[in-house]
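Structure file upload-v1.pdb (PDB, C-alpha atoms and all ligand atoms) follows.
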ATOM      1  CA  MET W   1     122.273  97.183 120.479
ATOM      2  CA  ILE W   2     118.638  98.290 120.189
ATOM      3  CA  VAL W   3     116.147  97.778 117.348
ATOM      4  CA  LEU W   4     112.668  99.322 117.067
ATOM      5  CA  VAL W   5     110.225  97.336 114.929
ATOM      6  CA  THR W   6     106.825  98.824 114.088
ATOM      7  CA  GLY W   7     103.968  96.393 113.450
ATOM      8  CA  ALA W   8     105.532  93.540 115.404
ATOM      9  CA  THR W   9     102.256  91.859 116.417
ATOM     10  CA  SER W  10     102.084  89.753 113.266
ATOM     11  CA  GLY W  11     103.766  88.512 110.100
ATOM     12  CA  ILE W  12     106.947  90.165 108.895
ATOM     13  CA  GLY W  13     107.390  92.528 111.856
ATOM     14  CA  LYS W  14     107.058  89.715 114.387
ATOM     15  CA  ALA W  15     109.689  87.645 112.540
ATOM     16  CA  ILE W  16     112.012  90.666 112.385
ATOM     17  CA  ALA W  17     111.664  91.258 116.132
ATOM     18  CA  GLU W  18     112.504  87.607 116.764
ATOM     19  CA  ILE W  19     115.610  87.477 114.554
ATOM     20  CA  PHE W  20     117.076  90.577 116.199
ATOM     21  CA  ALA W  21     116.317  89.169 119.665
ATOM     22  CA  ALA W  22     117.993  85.894 118.652
ATOM     23  CA  ASN W  23     121.044  87.983 117.782
ATOM     24  CA  LYS W  24     121.025  89.589 121.235
ATOM     25  CA  TYR W  25     119.484  92.931 120.361
ATOM     26  CA  ASN W  26     117.182  94.542 122.888
ATOM     27  CA  VAL W  27     113.925  95.094 121.051
ATOM     28  CA  ILE W  28     111.221  97.772 121.060
ATOM     29  CA  ILE W  29     108.068  96.288 119.564
ATOM     30  CA  THR W  30     105.002  98.273 118.548
ATOM     31  CA  GLY W  31     101.471  97.665 117.290
ATOM     32  CA  ARG W  32      97.863  98.287 118.261
ATOM     33  CA  ARG W  33      97.112  94.834 119.726
ATOM     34  CA  LYS W  34      98.403  95.065 123.289
ATOM     35  CA  GLU W  35      97.817  91.424 124.212
ATOM     36  CA  ARG W  36      99.925  90.216 121.300
ATOM     37  CA  LEU W  37     102.685  92.683 122.181
ATOM     38  CA  ASP W  38     102.745  91.450 125.774
ATOM     39  CA  VAL W  39     102.833  87.779 124.733
ATOM     40  CA  LEU W  40     105.654  88.418 122.245
ATOM     41  CA  ALA W  41     107.608  90.454 124.802
ATOM     42  CA  ALA W  42     107.390  87.602 127.315
ATOM     43  CA  GLU W  43     108.380  85.002 124.685
ATOM     44  CA  LEU W  44     111.420  86.913 123.435
ATOM     45  CA  THR W  45     112.619  87.713 126.949
ATOM     46  CA  GLU W  46     112.278  84.092 128.028
ATOM     47  CA  LYS W  47     113.788  82.548 124.887
ATOM     48  CA  TYR W  48     116.672  84.933 124.196
ATOM     49  CA  SER W  49     117.339  86.661 127.555
ATOM     50  CA  VAL W  50     117.082  90.116 125.996
ATOM     51  CA  LYS W  51     115.140  93.183 127.121
ATOM     52  CA  VAL W  52     111.903  93.920 125.295
ATOM     53  CA  LEU W  53     109.897  97.152 125.483
ATOM     54  CA  PRO W  54     106.342  96.789 124.133
ATOM     55  CA  LEU W  55     104.677 100.054 123.050
ATOM     56  CA  CYS W  56     101.020 100.020 122.096
ATOM     57  CA  PHE W  57      99.968 102.794 119.725
ATOM     58  CA  ASP W  58      98.450 103.470 116.334
ATOM     59  CA  VAL W  59     101.035 104.867 113.892
ATOM     60  CA  ARG W  60      98.281 107.022 112.350
ATOM     61  CA  ASP W  61      97.935 108.963 115.610
ATOM     62  CA  LYS W  62     100.647 111.636 115.402
ATOM     63  CA  GLN W  63     100.337 112.662 119.048
ATOM     64  CA  ALA W  64     100.442 109.076 120.307
ATOM     65  CA  VAL W  65     103.522 108.335 118.189
ATOM     66  CA  GLU W  66     105.354 111.359 119.580
ATOM     67  CA  GLN W  67     104.213 110.793 123.174
ATOM     68  CA  GLU W  68     105.010 107.074 123.297
ATOM     69  CA  LEU W  69     108.388 107.338 121.580
ATOM     70  CA  ASN W  70     109.523 110.476 123.410
ATOM     71  CA  ALA W  71     108.592 108.876 126.753
ATOM     72  CA  ILE W  72     110.836 105.823 126.424
ATOM     73  CA  PRO W  73     113.541 105.610 129.122
ATOM     74  CA  ALA W  74     116.876 107.264 128.262
ATOM     75  CA  ASP W  75     118.783 103.980 127.957
ATOM     76  CA  TRP W  76     116.272 102.809 125.330
ATOM     77  CA  LYS W  77     116.782 105.940 123.247
ATOM     78  CA  LYS W  78     120.078 104.729 121.791
ATOM     79  CA  ILE W  79     118.201 103.080 118.960
ATOM     80  CA  ASN W  80     120.581 101.575 116.392
ATOM     81  CA  ILE W  81     117.988 100.300 113.951
ATOM     82  CA  LEU W  82     114.452 101.404 113.092
ATOM     83  CA  VAL W  83     112.392  99.010 110.984
ATOM     84  CA  ASN W  84     109.379 100.842 109.527
ATOM     85  CA  ASN W  85     107.243  97.772 108.894
ATOM     86  CA  ALA W  86     103.689  98.633 110.091
ATOM     87  CA  GLY W  87     101.451  98.781 107.068
ATOM     88  CA  LEU W  88      98.514  97.318 105.245
ATOM     89  CA  ALA W  89      96.419  97.046 102.125
ATOM     90  CA  VAL W  90      92.671  97.495 102.470
ATOM     91  CA  GLY W  91      90.508  96.438  99.548
ATOM     92  CA  LEU W  92      91.306  95.767  95.906
ATOM     93  CA  GLY W  93      89.179  97.750  93.471
ATOM     94  CA  SER W  94      89.110 100.346  90.745
ATOM     95  CA  ILE W  95      89.584 104.048  91.370
ATOM     96  CA  GLN W  96      86.077 104.792  90.117
ATOM     97  CA  GLU W  97      84.568 102.409  92.664
ATOM     98  CA  GLY W  98      87.144 102.973  95.400
ATOM     99  CA  VAL W  99      86.247 103.168  99.081
ATOM    100  CA  VAL W 100      87.611 106.466 100.321
ATOM    101  CA  ASP W 101      87.882 105.251 103.943
ATOM    102  CA  ASP W 102      90.064 102.359 102.757
ATOM    103  CA  TRP W 103      92.288 104.758 100.819
ATOM    104  CA  GLU W 104      92.684 106.947 103.883
ATOM    105  CA  ARG W 105      93.607 103.996 106.104
ATOM    106  CA  MET W 106      96.372 103.009 103.677
ATOM    107  CA  ILE W 107      97.679 106.533 103.149
ATOM    108  CA  ASP W 108      97.561 107.348 106.872
ATOM    109  CA  THR W 109      99.289 104.110 107.903
ATOM    110  CA  ASN W 110     101.772 103.386 105.123
ATOM    111  CA  ILE W 111     102.909 106.944 104.403
ATOM    112  CA  LYS W 112     101.988 109.242 107.274
ATOM    113  CA  GLY W 113     102.617 106.645 110.004
ATOM    114  CA  LEU W 114     106.051 105.862 108.605
ATOM    115  CA  LEU W 115     106.801 109.591 108.496
ATOM    116  CA  TYR W 116     105.630 110.251 112.079
ATOM    117  CA  VAL W 117     107.803 107.446 113.449
ATOM    118  CA  SER W 118     110.814 108.438 111.336
ATOM    119  CA  ARG W 119     110.469 112.120 112.293
ATOM    120  CA  THR W 120     110.632 111.129 115.980
ATOM    121  CA  ILE W 121     113.467 108.581 115.772
ATOM    122  CA  ALA W 122     115.791 110.129 113.145
ATOM    123  CA  PRO W 123     116.860 113.040 115.416
ATOM    124  CA  LEU W 124     117.749 110.531 118.167
ATOM    125  CA  MET W 125     119.910 108.596 115.709
ATOM    126  CA  ILE W 126     121.590 111.802 114.581
ATOM    127  CA  SER W 127     122.372 112.840 118.144
ATOM    128  CA  ASN W 128     123.654 109.308 118.890
ATOM    129  CA  GLY W 129     125.878 109.553 115.779
ATOM    130  CA  VAL W 130     124.759 106.158 114.517
ATOM    131  CA  GLY W 131     121.680 104.585 112.971
ATOM    132  CA  HIS W 132     120.033 102.547 110.250
ATOM    133  CA  ILE W 133     116.479 103.015 109.001
ATOM    134  CA  ILE W 134     114.996 100.031 107.172
ATOM    135  CA  ASN W 135     111.709 100.647 105.360
ATOM    136  CA  ILE W 136     109.510  97.752 104.300
ATOM    137  CA  GLY W 137     108.260  98.711 100.848
ATOM    138  CA  SER W 138     106.821  96.240  98.349
ATOM    139  CA  VAL W 139     106.943  95.059  94.772
ATOM    140  CA  ALA W 140     103.799  97.250  94.714
ATOM    141  CA  GLY W 141     106.154 100.208  95.142
ATOM    142  CA  LYS W 142     108.084  99.206  92.043
ATOM    143  CA  GLU W 143     105.166  98.222  89.792
ATOM    144  CA  THR W 144     101.453  99.014  89.577
ATOM    145  CA  TYR W 145      98.804  96.314  89.187
ATOM    146  CA  ALA W 146      95.110  96.320  88.345
ATOM    147  CA  ASN W 147      92.947  97.535  91.241
ATOM    148  CA  GLY W 148      96.002  98.045  93.453
ATOM    149  CA  ASN W 149      95.964 101.811  92.779
ATOM    150  CA  VAL W 150      96.167 103.415  96.240
ATOM    151  CA  TYR W 151      98.130 100.613  97.937
ATOM    152  CA  CYS W 152     100.639 100.750  95.063
ATOM    153  CA  ALA W 153     100.799 104.541  95.385
ATOM    154  CA  THR W 154     101.554 104.313  99.119
ATOM    155  CA  LYS W 155     104.379 101.849  98.481
ATOM    156  CA  HIS W 156     105.727 104.021  95.632
ATOM    157  CA  ALA W 157     105.763 106.778  98.253
ATOM    158  CA  VAL W 158     107.793 104.524 100.574
ATOM    159  CA  ASP W 159     110.217 103.913  97.677
ATOM    160  CA  SER W 160     110.579 107.650  97.115
ATOM    161  CA  LEU W 161     110.852 108.476 100.829
ATOM    162  CA  SER W 162     113.581 105.848 101.268
ATOM    163  CA  LYS W 163     115.624 107.570  98.550
ATOM    164  CA  ALA W 164     114.912 110.983 100.078
ATOM    165  CA  MET W 165     115.868 109.837 103.586
ATOM    166  CA  ARG W 166     119.138 108.415 102.257
ATOM    167  CA  ILE W 167     120.032 111.801 100.757
ATOM    168  CA  ASP W 168     119.067 113.749 103.887
ATOM    169  CA  MET W 169     120.802 111.374 106.301
ATOM    170  CA  VAL W 170     124.069 110.668 104.492
ATOM    171  CA  GLN W 171     125.803 113.625 106.124
ATOM    172  CA  HIS W 172     124.967 112.101 109.528
ATOM    173  CA  GLY W 173     126.234 108.624 108.686
ATOM    174  CA  ILE W 174     122.739 107.129 108.982
ATOM    175  CA  LYS W 175     122.064 104.199 106.638
ATOM    176  CA  VAL W 176     118.727 103.838 104.839
ATOM    177  CA  THR W 177     117.591 100.575 103.279
ATOM    178  CA  ALA W 178     114.363  99.636 101.507
ATOM    179  CA  ILE W 179     113.261  95.993 101.374
ATOM    180  CA  ASN W 180     110.563  95.329  98.780
ATOM    181  CA  PRO W 181     108.945  91.895  98.998
ATOM    182  CA  GLY W 182     106.606  90.122  96.614
ATOM    183  CA  MET W 183     104.039  87.712  98.069
ATOM    184  CA  VAL W 184     104.627  86.869 101.754
ATOM    185  CA  GLU W 185     102.131  84.681 103.602
ATOM    186  CA  THR W 186     101.027  86.677 106.666
ATOM    187  CA  GLU W 187      97.776  88.278 107.823
ATOM    188  CA  PHE W 188      98.203  90.766 104.947
ATOM    189  CA  SER W 189      95.530  89.270 102.649
ATOM    190  CA  LEU W 190      93.129  88.650 105.541
ATOM    191  CA  VAL W 191      93.371  92.360 106.352
ATOM    192  CA  ARG W 192      93.141  93.363 102.672
ATOM    193  CA  PHE W 193      89.962  91.296 102.237
ATOM    194  CA  LYS W 194      88.506  92.433 105.577
ATOM    195  CA  GLY W 195      88.492  89.039 107.294
ATOM    196  CA  ASP W 196      87.386  86.929 104.280
ATOM    197  CA  GLU W 197      89.519  83.824 104.971
ATOM    198  CA  GLU W 198      88.575  81.981 101.762
ATOM    199  CA  ARG W 199      89.589  84.894  99.567
ATOM    200  CA  ALA W 200      92.794  85.434 101.538
ATOM    201  CA  LYS W 201      93.789  81.749 101.213
ATOM    202  CA  LYS W 202      93.385  81.872  97.420
ATOM    203  CA  VAL W 203      96.161  84.453  97.146
ATOM    204  CA  TYR W 204      98.721  81.816  98.152
ATOM    205  CA  GLN W 205      97.148  78.789  96.457
ATOM    206  CA  GLY W 206      99.375  76.742  94.155
ATOM    207  CA  ILE W 207     102.460  78.798  94.911
ATOM    208  CA  THR W 208     105.141  78.732  97.565
ATOM    209  CA  PRO W 209     105.089  82.300  98.885
ATOM    210  CA  LEU W 210     107.845  83.913 100.886
ATOM    211  CA  SER W 211     107.659  83.413 104.629
ATOM    212  CA  PRO W 212     107.985  86.217 107.181
ATOM    213  CA  ASN W 213     111.298  84.653 108.180
ATOM    214  CA  ASP W 214     112.629  85.011 104.606
ATOM    215  CA  ILE W 215     112.134  88.755 104.952
ATOM    216  CA  ALA W 216     113.481  88.851 108.520
ATOM    217  CA  GLU W 217     116.692  87.122 107.406
ATOM    218  CA  THR W 218     117.113  89.654 104.614
ATOM    219  CA  VAL W 219     116.486  92.583 106.949
ATOM    220  CA  TYR W 220     118.973  91.191 109.454
ATOM    221  CA  TRP W 221     121.555  90.662 106.711
ATOM    222  CA  THR W 222     121.311  94.311 105.635
ATOM    223  CA  ALA W 223     121.596  95.380 109.274
ATOM    224  CA  SER W 224     124.700  93.299 109.889
ATOM    225  CA  ARG W 225     126.880  94.623 107.034
ATOM    226  CA  PRO W 226     130.073  96.437 108.040
ATOM    227  CA  ALA W 227     129.810 100.139 108.988
ATOM    228  CA  HIS W 228     131.063 101.315 105.575
ATOM    229  CA  VAL W 229     128.484  99.251 103.597
ATOM    230  CA  THR W 230     124.852 100.241 102.969
ATOM    231  CA  ILE W 231     122.408  98.056 101.084
ATOM    232  CA  ASN W 232     120.135 100.651  99.445
ATOM    233  CA  ASP W 233     117.351  98.592  97.944
ATOM    234  CA  ILE W 234     116.295  94.977  97.645
ATOM    235  CA  VAL W 235     113.400  93.400  95.734
ATOM    236  CA  ILE W 236     112.770  89.882  97.078
ATOM    237  CA  MET W 237     110.274  87.568  95.410
ATOM    238  CA  PRO W 238     109.024  84.005  95.658
ATOM    239  CA  THR W 239     110.804  81.997  92.961
ATOM    240  CA  ALA W 240     107.441  81.332  91.286
ATOM    241  CA  GLN W 241     106.602  85.063  91.091
ATOM    242  CA  ALA W 242     108.371  87.034  88.328
ATOM    243  CA  SER W 243     106.604  90.354  88.828
ATOM    244  CA  ALA W 244     103.604  91.823  90.631
ATOM    245  CA  THR W 245     101.336  90.260  88.006
ATOM    246  CA  VAL W 246     103.201  87.232  86.641
ATOM    247  CA  SER W 247     103.425  84.077  88.729
ATOM    248  CA  VAL W 248     103.281  80.350  88.078
ATOM    249  CA  ARG W 249     100.730  78.329  90.005
ATOM    250  CA  LYS W 250     100.542  74.544  90.103
TER
HETATM  251  P1  LIG R 301     100.378  91.663 108.785
HETATM  252  O1  LIG R 301      98.967  92.100 108.624
HETATM  253  O2  LIG R 301     100.637  90.260 109.197
HETATM  254  O3  LIG R 301     101.131  92.641 109.802
HETATM  255  C1  LIG R 301     100.931  94.033 109.737
HETATM  256  C2  LIG R 301     101.492  94.674 110.996
HETATM  257  O4  LIG R 301     101.324  96.106 110.884
HETATM  258  C3  LIG R 301     100.768  94.237 112.244
HETATM  259  O5  LIG R 301     101.699  94.025 113.277
HETATM  260  C4  LIG R 301      99.876  95.414 112.587
HETATM  261  O6  LIG R 301      99.742  95.533 113.997
HETATM  262  C5  LIG R 301     100.708  96.580 112.061
HETATM  263  N1  LIG R 301      99.871  97.730 111.787
HETATM  264  C6  LIG R 301      98.934  97.858 110.816
HETATM  265  N2  LIG R 301      98.312  99.043 110.931
HETATM  266  C7  LIG R 301      98.852  99.661 112.013
HETATM  267  C8  LIG R 301      98.608 100.891 112.649
HETATM  268  N3  LIG R 301      97.689 101.757 112.203
HETATM  269  N4  LIG R 301      99.340 101.222 113.739
HETATM  270  C9  LIG R 301     100.273 100.369 114.193
HETATM  271  N5  LIG R 301     100.564  99.190 113.636
HETATM  272  C10 LIG R 301      99.840  98.838 112.555
HETATM  273  O7  LIG R 301     101.063  91.972 107.378
HETATM  274  P2  LIG R 301     102.590  91.826 106.889
HETATM  275  O8  LIG R 301     103.466  91.316 107.936
HETATM  276  O9  LIG R 301     102.544  91.148 105.579
HETATM  277  O10 LIG R 301     102.908  93.369 106.586
HETATM  278  C11 LIG R 301     104.042  94.054 107.086
HETATM  279  C12 LIG R 301     104.527  95.054 106.041
HETATM  280  O11 LIG R 301     104.976  94.330 104.896
HETATM  281  C13 LIG R 301     103.474  96.027 105.544
HETATM  282  O12 LIG R 301     104.055  97.308 105.411
HETATM  283  C14 LIG R 301     103.101  95.470 104.169
HETATM  284  O13 LIG R 301     102.628  96.466 103.298
HETATM  285  C15 LIG R 301     104.446  94.928 103.731
HETATM  286  N6  LIG R 301     104.430  93.933 102.662
HETATM  287  C16 LIG R 301     103.725  92.760 102.799
HETATM  288  C17 LIG R 301     103.743  91.824 101.778
HETATM  289  C18 LIG R 301     102.957  90.566 101.851
HETATM  290  O14 LIG R 301     102.743  89.927 100.788
HETATM  291  N7  LIG R 301     102.523  90.108 103.016
HETATM  292  C19 LIG R 301     104.539  92.060 100.561
HETATM  293  C20 LIG R 301     105.219  93.313 100.515
HETATM  294  C21 LIG R 301     105.173  94.194 101.547
HETATM  295  P3  LIG R 301      98.357  95.828 114.752
HETATM  296  O15 LIG R 301      97.248  95.302 113.900
HETATM  297  O16 LIG R 301      98.514  95.129 116.073
HETATM  298  O17 LIG R 301      98.348  97.303 114.904
HETATM  299  C1  LIG R 302     102.145  93.153  99.078
HETATM  300  C2  LIG R 302     102.448  92.409  97.828
HETATM  301  O1  LIG R 302     101.763  92.149  95.385
HETATM  302  O2  LIG R 302      99.996  92.051  97.068
HETATM  303  O3  LIG R 302     102.786  94.375  99.119
HETATM  304  O4  LIG R 302     101.022  94.127  96.519
HETATM  305  S1  LIG R 302     101.252  92.723  96.657
END
Output the file's structure as structure tokens, nothing else.
Ligand code: NDP
Ligand code: 8X3
Amino acid sequence: MIVLVTGATSGIGKAIAEIFAANKYNVIITGRRKERLDVLAAELTEKYSVKVLPLCFDVRDKQAVEQELNAIPADWKKINILVNNAGLAVGLGSIQEGVVDDWERMIDTNIKGLLYVSRTIAPLMISNGVGHIINIGSVAGKETYANGNVYCATKHAVDSLSKAMRIDMVQHGIKVTAINPGMVETEFSLVRFKGDEERAKKVYQGITPLSPNDIAETVYWTASRPAHVTINDIVIMPTAQASATVSVRK
């Protein structure tokens, strides 16, 4: 069995790669930080005796996505599961004061990147006659919060694309699942606040957030249902977070 996880150099994607490796999947891991990919590949190979193929590319680069994924060896092309995880928020501010470059990074990564990867892998799954696409959305794709405008819009797009993919793929027996987490402690807030560690830490203060492994376990559970069962959509939250905007801090 083979799983492809985008954005496996950190956080949720790294935990997903590890749980599949622990369950004896061979794993294709992607991201832009080559060193981290190489370290993770060595760790997973050593710990779980599985094969790992690290691919370093930016999901925003359409040509690189196509080139890297089309060039994988034939025996790696029998991909059973694609986890579209690579994504980010950049900035938190009003529309009227928004930073257009930040908007473009989010739109290009979270929407266009997911589409480029899916456009390349879905035909392989169809020709293999089997497959499962798991998109990492967000509570931000179910609700909209103050100053979250463009990030929320990109995750609403992931919500919509997951539904659309499910309709287009059903005739080919390909499953499509969307997992929509609330707060997960990863490098997410550090990236959102452009390296401001103090501000990033505050996001998780006084609350027990989800861990990357909580999401990985959920992803693996959806991937390990029987062939006739598809989990369409999951919203998973920390117990202390009721919605995108309501949480209890101690
Ligand atoms: P991290 O910042 O820890 O990880 C993000 C991953 O995405 C990294 O591996 C990064 O790899 C990769 N990535 C980002 N941009 C690109 C790019 N242009 N090309 C290739 N890879 C890229 O954050 P999380 O683990 O939290 O985020 C994973 C997903 O989960 C995202 O889609 C996020 O929106 C979603 N999510 C996160 C939540 C949270 O609270 N943390 C809640 C709900 C959803 P590299 O930098 O090496 O390229
Ligand atoms: C990340 C969770 O609430 O910061 O998608 O948007 S949130």
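For the pair CA of Ser94 (chain W) and CA of Gly148 (chain W), the separation is 7.8 Å.
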- Which residues fall under the PyMOL selection byres (((chain W and resi 61) around 12) and not hetatm) in this file, as a PyMOL selection string? chain W and resi 31-32+56-60+62-68+105+108-109+112-117
- Message: For the provided coordinates, the residues matched by the PyMOL selection byres (((not hetatm)) within 8 of (chain R and resi 301)) should be stated as a PyMOL selection string.
- Response: chain W and resi 6-14+30-34+36-37+56-61+84-89+105+108-110+113+136-140+155+180-191+210+212
Return as lines of an AutoDock Vina configuration file the box centre and box size in Å, one decimal, for an axis-aligned box around all listed atoms of ligand LIG 302 (chain R) padded by 4 Å per side.
center_x = 101.4
center_y = 93.2
center_z = 97.3
size_x = 10.8
size_y = 10.3
size_z = 11.7
- Could you tell me which of W:Gly195, W:Gly98, W:Gly91, W:Pro123 comes closest to ligand LIG 302 (chain R) if we count only C-alpha atoms and all ligand atoms? W:Gly91
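Each of W:Asn80, W:Thr45, W:Thr144, W:Gln96 was compared to ligand LIG 302 (chain R) using only C-alpha atoms and all ligand atoms, and W:Thr144 turns out to be the nearest.
Put simply, CA of Ile167 (chain W) is 27.0 Å away from CA of Val27 (chain W).
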- Message: Can you measure CA of Trp221 (chain W) to CA of Val50 (chain W) for me? One decimal in Å is fine.
- Response: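 CA of Trp221 (chain W) sits 19.8 Å away from CA of Val50 (chain W).
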Can you spell out as a compact mmCIF listing (two decimals) with C-alpha atoms, in the coordinates of the input the set of residues that the PyMOL selection byres (((chain W and resi 169-173) around 7) and not hetatm) selects in the structure I just provided?
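Contents of out.txt, freshly written:
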# COMPACT_ATOMS: atom_id res chain seq x y z
CA ILE W 126 121.59 111.80 114.58
CA GLY W 129 125.88 109.55 115.78
CA VAL W 130 124.76 106.16 114.52
CA MET W 165 115.87 109.84 103.59
CA ARG W 166 119.14 108.42 102.26
CA ILE W 167 120.03 111.80 100.76
CA ASP W 168 119.07 113.75 103.89
CA ILE W 174 122.74 107.13 108.98
CA LYS W 175 122.06 104.20 106.64
Any idea what's packed within 9 Å of Ala17 (chain W), counting only C-alpha atoms, ignoring anything in its chain fewer than 5 positions away? Could you give it as a PDB file with C-alpha atoms, in the frame of the given file?
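Contents of around-v8.pdb, freshly written:
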ATOM      1  CA  VAL W   3     116.147  97.778 117.348  1.00  0.00           C
ATOM      2  CA  LEU W   4     112.668  99.322 117.067  1.00  0.00           C
ATOM      3  CA  VAL W   5     110.225  97.336 114.929  1.00  0.00           C
ATOM      4  CA  ALA W   8     105.532  93.540 115.404  1.00  0.00           C
ATOM      5  CA  ILE W  12     106.947  90.165 108.895  1.00  0.00           C
ATOM      6  CA  ALA W  22     117.993  85.894 118.652  1.00  0.00           C
ATOM      7  CA  VAL W  27     113.925  95.094 121.051  1.00  0.00           C
ATOM      8  CA  ILE W  28     111.221  97.772 121.060  1.00  0.00           C
ATOM      9  CA  ILE W  29     108.068  96.288 119.564  1.00  0.00           C
ATOM     10  CA  LEU W  44     111.420  86.913 123.435  1.00  0.00           C
ATOM     11  CA  ALA W 216     113.481  88.851 108.520  1.00  0.00           C
TER      12      ALA W 216
END
- Compare W:Leu69, W:Ile215, W:Ile107, W:Val203 by their minimum atom-to-atom distance to Asn135 (chain W), counting only C-alpha atoms, and give me the closest one. W:Ile215
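With all atoms listed in the file as the atoms that count, the residue of W:Asn70, W:Asn232, W:Ser160, W:Ser247 with the shortest distance to Arg119 (chain W) is W:Asn70.
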- Would you please work out which residue, of W:Glu97, W:Glu143, W:Glu104, W:Asp196, is nearest to ligand LIG 302 (chain R) when using all atoms listed in the file? W:Glu143
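Residue neighbourhood of Val246 (chain W), excluding near-sequence residues (fewer than 2 positions): Val139, Glu143, Tyr145, Gly182, Met183, Ile207, Met237, Pro238, Thr239, Ala240, Gln241, Ala242, Ser243, Ala244, Val248 and Arg249 of chain W, at 12 Å, using all atoms listed in the file.
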- Item | Given only C-alpha atoms and all ligand atoms as the counted atoms, nearest of W:Lys163, W:Arg192, W:Lys78, W:His132 to ligand LIG 302 (chain R) | W:Arg192
- Message: Residues within 12 Å of Lys47 (chain W), please, as a count of residues only. Count only C-alpha atoms; anything in the same chain fewer than 6 positions from it doesn't count.
- Response: 8
